[in-house]
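**Q** What follows is model-v8.cif; its format and atoms are mmCIF, C-alpha atoms and all ligand atoms.
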data_query
#
loop_
_atom_site.label_atom_id
_atom_site.label_comp_id
_atom_site.auth_asym_id
_atom_site.auth_seq_id
_atom_site.Cartn_x
_atom_site.Cartn_y
_atom_site.Cartn_z
CA MET A 1 -52.34 -18.81 -43.21
CA PRO A 2 -50.10 -19.29 -40.18
CA LEU A 3 -48.81 -22.68 -39.13
CA GLU A 4 -51.10 -24.59 -36.81
CA ARG A 5 -50.42 -27.30 -34.25
CA LEU A 6 -51.28 -30.69 -35.68
CA GLN A 7 -53.63 -31.70 -32.84
CA LYS A 8 -55.46 -28.38 -33.10
CA TYR A 9 -55.82 -28.80 -36.85
CA LEU A 10 -57.18 -32.35 -36.39
CA ALA A 11 -59.71 -31.04 -33.87
CA ARG A 12 -60.77 -28.35 -36.36
CA CYS A 13 -61.26 -31.08 -38.95
CA GLY A 14 -63.75 -32.79 -36.65
CA VAL A 15 -61.54 -35.85 -36.34
CA ALA A 16 -61.53 -35.83 -32.54
CA SER A 17 -61.26 -33.53 -29.56
CA ARG A 18 -57.79 -32.04 -29.14
CA ARG A 19 -56.91 -34.51 -26.39
CA GLU A 20 -58.07 -37.47 -28.47
CA ALA A 21 -56.15 -36.09 -31.45
CA GLU A 22 -53.01 -36.16 -29.32
CA GLU A 23 -53.61 -39.85 -28.67
CA LEU A 24 -54.02 -40.47 -32.42
CA ILE A 25 -50.70 -38.72 -33.03
CA ARG A 26 -48.91 -40.66 -30.28
CA ALA A 27 -50.33 -43.90 -31.66
CA GLY A 28 -48.70 -43.20 -35.04
CA ARG A 29 -52.04 -42.98 -36.86
CA VAL A 30 -51.41 -39.51 -38.33
CA LYS A 31 -49.37 -38.76 -41.44
CA VAL A 32 -48.30 -35.37 -42.79
CA ASN A 33 -47.26 -35.38 -46.43
CA GLY A 34 -46.98 -39.16 -46.31
CA GLN A 35 -44.76 -39.27 -43.18
CA VAL A 36 -45.98 -40.59 -39.83
CA VAL A 37 -45.75 -37.84 -37.19
CA THR A 38 -45.69 -38.82 -33.53
CA VAL A 39 -44.37 -35.52 -32.11
CA LEU A 40 -47.05 -33.48 -30.32
CA GLY A 41 -45.39 -30.11 -31.02
CA ALA A 42 -45.49 -30.65 -34.81
CA LYS A 43 -47.07 -27.87 -36.88
CA VAL A 44 -48.76 -27.93 -40.25
CA ASP A 45 -49.56 -25.42 -42.93
CA PRO A 46 -53.28 -26.06 -43.51
CA ARG A 47 -53.07 -24.72 -47.11
CA ARG A 48 -50.16 -26.84 -48.26
CA ASP A 49 -49.72 -29.91 -46.07
CA ARG A 50 -51.62 -33.13 -46.71
CA VAL A 51 -52.81 -34.64 -43.44
CA GLN A 52 -54.16 -38.19 -43.13
CA VAL A 53 -55.58 -40.19 -40.25
CA ASP A 54 -55.52 -43.96 -40.66
CA GLY A 55 -54.70 -43.36 -44.32
CA ARG A 56 -57.76 -41.13 -44.93
CA PRO A 57 -57.28 -37.47 -45.86
CA VAL A 58 -58.80 -34.95 -43.43
CA GLU A 59 -59.99 -31.42 -44.09
CA PRO A 60 -61.55 -28.66 -42.01
CA VAL A 61 -65.34 -29.03 -41.74
CA ALA A 62 -68.05 -26.42 -41.24
CA PRO A 63 -68.58 -26.17 -37.49
CA VAL A 64 -71.80 -27.72 -36.14
CA THR A 65 -72.94 -27.38 -32.53
CA LEU A 66 -76.23 -28.87 -31.38
CA MET A 67 -78.12 -28.75 -28.11
CA LEU A 68 -79.65 -32.11 -27.17
CA HIS A 69 -82.09 -32.92 -24.39
CA LYS A 70 -80.53 -36.17 -23.20
CA PRO A 71 -83.02 -38.71 -21.94
CA ALA A 72 -82.14 -41.22 -19.22
CA GLY A 73 -80.82 -44.54 -20.51
CA TYR A 74 -78.21 -43.09 -22.89
CA VAL A 75 -74.45 -42.98 -22.43
CA SER A 76 -72.83 -39.63 -23.21
CA THR A 77 -69.83 -41.04 -25.07
CA THR A 78 -69.34 -41.69 -28.79
CA ARG A 79 -69.59 -45.46 -28.29
CA ASP A 80 -70.16 -47.82 -25.43
CA PRO A 81 -68.21 -51.06 -24.91
CA GLN A 82 -71.27 -52.51 -23.16
CA GLY A 83 -73.42 -51.89 -26.22
CA ARG A 84 -75.78 -49.41 -24.52
CA ARG A 85 -77.42 -46.61 -26.51
CA VAL A 86 -75.27 -43.48 -26.89
CA VAL A 87 -76.39 -39.85 -27.23
CA LEU A 88 -75.21 -39.75 -30.85
CA ASP A 89 -77.93 -42.31 -31.70
CA LEU A 90 -80.40 -39.44 -31.20
CA VAL A 91 -78.94 -37.31 -34.03
CA PRO A 92 -79.04 -38.09 -37.79
CA LYS A 93 -75.76 -39.23 -39.33
CA GLU A 94 -75.86 -36.37 -41.85
CA PHE A 95 -74.37 -34.05 -39.21
CA GLY A 96 -71.11 -36.00 -39.53
CA ARG A 97 -68.85 -36.81 -36.62
CA LEU A 98 -69.98 -35.05 -33.46
CA TYR A 99 -68.64 -35.28 -29.93
CA PRO A 100 -70.45 -34.81 -26.64
CA VAL A 101 -69.13 -31.87 -24.60
CA GLY A 102 -68.58 -33.26 -21.11
CA ARG A 103 -70.60 -36.03 -19.54
CA LEU A 104 -74.01 -36.65 -18.10
CA ASP A 105 -74.57 -39.90 -16.21
CA TYR A 106 -76.51 -42.75 -17.81
CA ASP A 107 -79.52 -42.04 -15.58
CA ALA A 108 -79.24 -38.21 -15.82
CA THR A 109 -81.20 -36.05 -18.27
CA GLY A 110 -80.96 -32.57 -19.72
CA LEU A 111 -78.80 -30.20 -21.69
CA MET A 112 -75.98 -31.84 -23.59
CA LEU A 113 -73.92 -30.14 -26.29
CA LEU A 114 -72.75 -32.07 -29.33
CA THR A 115 -70.16 -30.48 -31.61
CA ASN A 116 -67.59 -31.19 -34.29
CA ASP A 117 -65.58 -28.20 -33.06
CA GLY A 118 -62.91 -29.95 -31.03
CA GLU A 119 -61.34 -26.65 -29.99
CA LEU A 120 -64.58 -25.33 -28.54
CA ALA A 121 -65.30 -28.66 -26.80
CA GLN A 122 -61.84 -28.65 -25.25
CA ARG A 123 -62.25 -25.16 -23.88
CA LEU A 124 -65.72 -25.70 -22.49
CA MET A 125 -64.59 -28.81 -20.62
CA HIS A 126 -61.35 -27.37 -19.27
CA PRO A 127 -61.55 -26.49 -15.55
CA ARG A 128 -59.72 -23.23 -16.29
CA TYR A 129 -62.80 -21.75 -17.94
CA GLN A 130 -65.09 -22.44 -14.97
CA VAL A 131 -68.19 -22.81 -17.15
CA PRO A 132 -71.23 -22.91 -14.85
CA ARG A 133 -73.53 -25.94 -15.03
CA THR A 134 -76.93 -25.76 -13.36
CA TYR A 135 -78.85 -28.89 -12.35
CA ARG A 136 -82.38 -29.41 -11.10
CA VAL A 137 -81.89 -32.12 -8.52
CA THR A 138 -84.32 -34.18 -6.47
CA VAL A 139 -82.70 -35.68 -3.40
CA ALA A 140 -83.95 -38.13 -0.82
CA GLY A 141 -85.07 -36.70 2.52
CA GLU A 142 -86.08 -33.30 3.83
CA MET A 143 -83.01 -31.07 3.67
CA SER A 144 -82.57 -28.87 6.73
CA ASP A 145 -81.85 -25.13 6.51
CA GLU A 146 -78.51 -25.85 8.10
CA THR A 147 -77.53 -28.30 5.36
CA LEU A 148 -78.75 -25.88 2.70
CA LYS A 149 -76.57 -23.12 4.10
CA HIS A 150 -73.63 -25.47 4.37
CA LEU A 151 -74.11 -26.54 0.75
CA ALA A 152 -74.56 -22.98 -0.49
CA GLY A 153 -71.37 -21.90 1.24
CA GLY A 154 -69.29 -24.13 -1.03
CA VAL A 155 -68.11 -27.56 0.03
CA GLU A 156 -64.97 -29.65 -0.11
CA LEU A 157 -64.60 -32.81 -2.11
CA GLU A 158 -61.42 -34.88 -2.04
CA GLY A 159 -59.67 -32.04 -0.24
CA ARG A 160 -60.54 -29.46 -2.91
CA PRO A 161 -63.13 -26.67 -2.55
CA VAL A 162 -66.14 -26.75 -4.85
CA SER A 163 -68.02 -23.48 -5.40
CA THR A 164 -71.77 -23.89 -5.39
CA ALA A 165 -74.94 -21.85 -5.68
CA VAL A 166 -78.16 -23.36 -4.38
CA THR A 167 -81.83 -22.48 -4.74
CA LEU A 168 -84.41 -24.47 -2.80
CA LEU A 169 -87.45 -25.20 -4.99
CA LYS A 170 -89.49 -27.65 -2.95
CA ARG A 171 -89.19 -29.43 0.38
CA GLU A 172 -91.25 -32.37 1.53
CA ALA A 173 -90.89 -35.00 4.25
CA ASP A 174 -89.26 -37.56 1.95
CA ARG A 175 -87.64 -35.43 -0.78
CA THR A 176 -86.18 -32.01 -1.57
CA VAL A 177 -85.88 -30.33 -4.97
CA LEU A 178 -83.00 -27.92 -5.57
CA GLU A 179 -81.29 -25.99 -8.31
CA LEU A 180 -77.58 -26.44 -7.88
CA THR A 181 -74.88 -24.65 -9.88
CA VAL A 182 -71.25 -25.79 -10.01
CA TRP A 183 -68.39 -24.36 -12.06
CA GLU A 184 -66.58 -27.55 -12.98
CA GLY A 185 -67.28 -30.99 -14.39
CA ARG A 186 -65.77 -33.59 -12.08
CA TYR A 187 -66.97 -37.21 -12.28
CA HIS A 188 -70.32 -37.67 -10.46
CA LEU A 189 -69.73 -34.27 -8.88
CA VAL A 190 -73.31 -33.38 -7.96
CA LYS A 191 -74.17 -36.89 -6.76
CA ARG A 192 -71.09 -37.04 -4.58
CA LEU A 193 -71.65 -33.55 -3.12
CA LEU A 194 -75.21 -34.37 -2.15
CA GLU A 195 -74.40 -37.87 -0.93
CA GLY A 196 -71.74 -36.18 1.20
CA VAL A 197 -74.37 -34.08 3.01
CA GLY A 198 -76.57 -37.13 3.57
CA HIS A 199 -79.03 -36.69 0.68
CA PRO A 200 -78.63 -39.23 -2.15
CA VAL A 201 -79.73 -37.99 -5.58
CA LEU A 202 -82.97 -39.45 -6.93
CA LYS A 203 -83.19 -37.37 -10.13
CA LEU A 204 -80.70 -35.16 -11.93
CA LYS A 205 -81.40 -32.87 -14.87
CA ARG A 206 -79.01 -30.30 -16.33
CA ILE A 207 -80.99 -27.19 -17.18
CA ALA A 208 -78.19 -24.77 -18.08
CA PHE A 209 -74.64 -24.87 -19.37
CA GLY A 210 -72.72 -21.59 -19.52
CA PRO A 211 -75.01 -19.03 -21.18
CA LEU A 212 -77.29 -21.76 -22.63
CA ARG A 213 -80.68 -22.80 -21.22
CA LEU A 214 -82.44 -26.07 -22.01
CA GLY A 215 -85.79 -24.28 -22.12
CA ARG A 216 -88.67 -26.22 -23.65
CA LEU A 217 -86.60 -28.56 -25.80
CA LYS A 218 -88.36 -31.93 -25.60
CA ARG A 219 -86.68 -34.97 -24.12
CA GLY A 220 -84.73 -36.79 -26.87
CA ALA A 221 -84.94 -33.76 -29.22
CA PHE A 222 -82.08 -31.60 -30.48
CA ARG A 223 -81.62 -28.28 -32.26
CA PRO A 224 -78.69 -26.29 -33.65
CA LEU A 225 -77.60 -23.40 -31.48
CA THR A 226 -78.76 -20.01 -32.68
CA LYS A 227 -76.11 -17.59 -33.90
CA GLY A 228 -76.54 -15.55 -30.72
CA GLU A 229 -76.15 -18.62 -28.48
CA LEU A 230 -73.02 -19.64 -30.33
CA ILE A 231 -71.49 -16.18 -30.02
CA ASN A 232 -72.25 -16.14 -26.29
CA LEU A 233 -70.83 -19.62 -25.82
CA MET A 234 -67.61 -18.81 -27.65
CA GLY A 235 -67.37 -15.53 -25.77
CA THR A 236 -67.60 -17.41 -22.48
CA ALA A 237 -64.70 -19.66 -23.36
CA ARG A 238 -62.57 -16.95 -24.97
CA ALA A 239 -63.02 -14.36 -22.23
CA LYS A 240 -62.18 -16.82 -19.48
CA PHE A 241 -59.17 -18.03 -21.42
CA LEU A 242 -57.65 -14.59 -21.83
CA LYS A 243 -58.41 -13.35 -18.36
CA PRO A 244 -59.36 -16.07 -15.89
CA ALA A 245 -61.13 -14.44 -12.92
CA THR A 246 -59.73 -16.97 -10.48
CA PRO A 247 -57.67 -19.98 -11.45
CA ALA A 248 -59.56 -23.24 -10.95
CA PRO A 249 -57.77 -25.72 -8.71
CA ARG A 250 -56.01 -28.42 -10.69
CA PRO A 251 -56.32 -32.08 -9.71
CA GLU A 252 -52.56 -32.56 -9.81
CA ALA A 253 -51.77 -29.40 -7.80
CA PRO A 254 -49.87 -30.17 -4.58
CA ARG A 255 -51.77 -29.59 -1.33
CA ARG A 256 -50.89 -26.31 0.35
CA GLU A 257 -50.13 -25.85 4.02
CA GLU A 258 -52.61 -22.97 4.22
CA PRO A 259 -56.12 -23.37 2.83
CA PRO A 260 -56.48 -21.44 -0.47
CA PRO A 261 -58.31 -18.09 -0.35
CA PRO A 262 -62.06 -18.47 -0.92
CA ARG A 263 -63.18 -18.25 -4.53
CA PRO A 264 -66.06 -15.92 -5.41
CA ARG A 265 -69.40 -17.61 -4.78
CA ARG A 266 -73.01 -16.97 -5.60
CA ILE A 267 -74.88 -17.89 -2.50
CA ARG A 268 -78.61 -17.89 -3.00
CA VAL A 269 -80.69 -19.89 -0.61
CA ARG A 270 -84.36 -19.24 -1.26
CA THR A 271 -87.01 -21.02 0.72
CA PRO A 272 -90.47 -21.40 -0.79
CA GLN A 273 -93.25 -19.23 0.64
N1 LIG B 301 -72.92 -34.57 -11.59
C1 LIG B 301 -73.29 -35.87 -11.48
O1 LIG B 301 -73.19 -36.45 -10.42
N2 LIG B 301 -73.76 -36.48 -12.59
C2 LIG B 301 -73.91 -35.88 -13.78
O2 LIG B 301 -74.36 -36.49 -14.74
C3 LIG B 301 -73.52 -34.52 -13.88
C4 LIG B 301 -73.03 -33.90 -12.76
#
Take the structure in this file and express it as structure tokens.
**A**
Amino acid sequence: MPLERLQKYLARCGVASRREAEELIRAGRVKVNGQVVTVLGAKVDPRRDRVQVDGRPVEPVAPVTLMLHKPAGYVSTTRDPQGRRVVLDLVPKEFGRLYPVGRLDYDATGLMLLTNDGELAQRLMHPRYQVPRTYRVTVAGEMSDETLKHLAGGVELEGRPVSTAVTLLKREADRTVLELTVWEGRYHLVKRLLEGVGHPVLKLKRIAFGPLRLGRLKRGAFRPLTKGELINLMGTARAKFLKPATPAPRPEAPRREEPPPPRPRRIRVRTPQ
């Protein structure tokens, strides 16, 4: 077996996501063959080397990936300093250590992936892979056609373009219901986009993530991904990794003089009959 980067190996062992594994290494909590290793480039031979975290041996685990229908009132982290309920409370302990893939706000509901496959989690969250996330959103106020078109044409947030696809589902005097797709996972992205066009979010539910659909999974319930879903999900991450269609803008990228060329967009504004 070829040598493997220590942080990647730790992620494969379900210890943490790759980024968190890097923090464990930097913090001096990881030993290889009895020696503390703090260098991020270090490699291990998974067959021969003995790896420990906080003195406990670690080994690769069978990958588990679950789809959860997150209810409101749960935090999508592994623990919460304020003592609120976390999404992992909804899954039996026998699945071992799982990590939420990305975040859904405390008051948001819908499709949340939980996995012990740190490598997969890392890829799905990385902006480079542009994994689409679709939300059913109820916003305050009656959204005008003009605002819908503006939103569907892609918008700017903090000086960076955000690609969007919008479908209008329902429009009333005091509220509008939309399906909104974005290809990245910035903090409060959907709420900030809609607040920015004058329509604060009242309800937010994620109904799709990459090739996965929430379907009829009940609120608070979970299920393992089917083999087919898992293959599709991995394919999404792998294909984008090898051949990104368009590079996603990076937060740390310097501002250009010229605006960047437009990224491909799915514009779909459908008004109800
Ligand atoms: N965008 C938000 O504003 N909140 C979420 O939970 C997810 C996307």
**Q** Identify, counting all atoms listed in the file, the protein, DNA and RNA residues located within 9 Å of ligand LIG 301 (chain B), and give them as an mmCIF file with C-alpha atoms, in the frame of the given file.
**A**
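Wrote part_4.cif, looks like this:
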data_model
loop_
_atom_site.group_PDB
_atom_site.id
_atom_site.type_symbol
_atom_site.label_atom_id
_atom_site.label_comp_id
_atom_site.auth_asym_id
_atom_site.auth_seq_id
_atom_site.Cartn_x
_atom_site.Cartn_y
_atom_site.Cartn_z
ATOM 1 C CA GLY A 102 -68.580 -33.260 -21.110
ATOM 2 C CA ARG A 103 -70.600 -36.030 -19.540
ATOM 3 C CA LEU A 104 -74.010 -36.650 -18.100
ATOM 4 C CA ASP A 105 -74.570 -39.900 -16.210
ATOM 5 C CA TYR A 106 -76.510 -42.750 -17.810
ATOM 6 C CA ASP A 107 -79.520 -42.040 -15.580
ATOM 7 C CA ALA A 108 -79.240 -38.210 -15.820
ATOM 8 C CA THR A 109 -81.200 -36.050 -18.270
ATOM 9 C CA ARG A 133 -73.530 -25.940 -15.030
ATOM 10 C CA TYR A 135 -78.850 -28.890 -12.350
ATOM 11 C CA VAL A 182 -71.250 -25.790 -10.010
ATOM 12 C CA GLY A 185 -67.280 -30.990 -14.390
ATOM 13 C CA ARG A 186 -65.770 -33.590 -12.080
ATOM 14 C CA TYR A 187 -66.970 -37.210 -12.280
ATOM 15 C CA HIS A 188 -70.320 -37.670 -10.460
ATOM 16 C CA LEU A 189 -69.730 -34.270 -8.880
ATOM 17 C CA VAL A 190 -73.310 -33.380 -7.960
ATOM 18 C CA LYS A 191 -74.170 -36.890 -6.760
ATOM 19 C CA ARG A 192 -71.090 -37.040 -4.580
ATOM 20 C CA LEU A 193 -71.650 -33.550 -3.120
ATOM 21 C CA LEU A 194 -75.210 -34.370 -2.150
ATOM 22 C CA VAL A 201 -79.730 -37.990 -5.580
ATOM 23 C CA LEU A 204 -80.700 -35.160 -11.930
ATOM 24 C CA LYS A 205 -81.400 -32.870 -14.870
ATOM 25 C CA ARG A 206 -79.010 -30.300 -16.330
#
**Q** Write out as a CSV table (one decimal) with C-alpha atoms, in the frame of the given file which residues come within 9 Å of Gly198 (chain A) when counting all atoms listed in the file, dropping same-chain ones fewer than 2 positions away.
**A**
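For reference, result.csv as written:
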chain,number,residue,atom,x,y,z
A,140,ALA,CA,-84.0,-38.1,-0.8
A,141,GLY,CA,-85.1,-36.7,2.5
A,143,MET,CA,-83.0,-31.1,3.7
A,194,LEU,CA,-75.2,-34.4,-2.2
A,195,GLU,CA,-74.4,-37.9,-0.9
A,196,GLY,CA,-71.7,-36.2,1.2
A,200,PRO,CA,-78.6,-39.2,-2.2
**Q** Using all atoms listed in the file, which residues of region 110-211 of chain A come within 7 Å of region 8-31 of chain A, and what is the closest atom pair for each, with the distance in Å to one decimal? Give it as a Markdown table, sorted by chain and residue number.
**A**
| residue | atom | partner | partner_atom | distance |
| --- | --- | --- | --- | --- |
| A:Asn116 | CA | A:Gly14 | CA | 4.8 |
| A:Asp117 | CA | A:Arg12 | CA | 5.8 |
| A:Gly118 | CA | A:Ser17 | CA | 4.2 |
| A:Glu119 | CA | A:Ala11 | CA | 6.1 |
| A:Ala121 | CA | A:Ser17 | CA | 6.9 |
| A:Gln122 | CA | A:Ser17 | CA | 6.5 |
**Q** Between A:Val86, A:Val32, A:Ala173, A:Val131, which residue has the minimum interatomic distance to Val44 (chain A), considering all atoms listed in the file?
**A**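 Smallest distance to Val44 (chain A) is found for A:Val32.
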**Q** Identify the residues within 8 Å of coordinate (-85.6, -26.1, -5.0) (same frame as the file), considering only C-alpha atoms, and give the answer as a PDB file with C-alpha atoms, in the frame of the given file.
**A**
ATOM      1  CA  ARG A 136     -82.380 -29.410 -11.100  1.00  0.00           C
ATOM      2  CA  VAL A 137     -81.890 -32.120  -8.520  1.00  0.00           C
ATOM      3  CA  VAL A 166     -78.160 -23.360  -4.380  1.00  0.00           C
ATOM      4  CA  THR A 167     -81.830 -22.480  -4.740  1.00  0.00           C
ATOM      5  CA  LEU A 168     -84.410 -24.470  -2.800  1.00  0.00           C
ATOM      6  CA  LEU A 169     -87.450 -25.200  -4.990  1.00  0.00           C
ATOM      7  CA  LYS A 170     -89.490 -27.650  -2.950  1.00  0.00           C
ATOM      8  CA  ARG A 171     -89.190 -29.430   0.380  1.00  0.00           C
ATOM      9  CA  THR A 176     -86.180 -32.010  -1.570  1.00  0.00           C
ATOM     10  CA  VAL A 177     -85.880 -30.330  -4.970  1.00  0.00           C
ATOM     11  CA  LEU A 178     -83.000 -27.920  -5.570  1.00  0.00           C
ATOM     12  CA  GLU A 179     -81.290 -25.990  -8.310  1.00  0.00           C
ATOM     13  CA  ARG A 270     -84.360 -19.240  -1.260  1.00  0.00           C
ATOM     14  CA  THR A 271     -87.010 -21.020   0.720  1.00  0.00           C
ATOM     15  CA  PRO A 272     -90.470 -21.400  -0.790  1.00  0.00           C
TER      16      PRO A 272
END
**Q** Which distance in Å separates CA of Arg79 (chain A) and CA of Ala221 (chain A), to one decimal?
**A** 19.3 Å
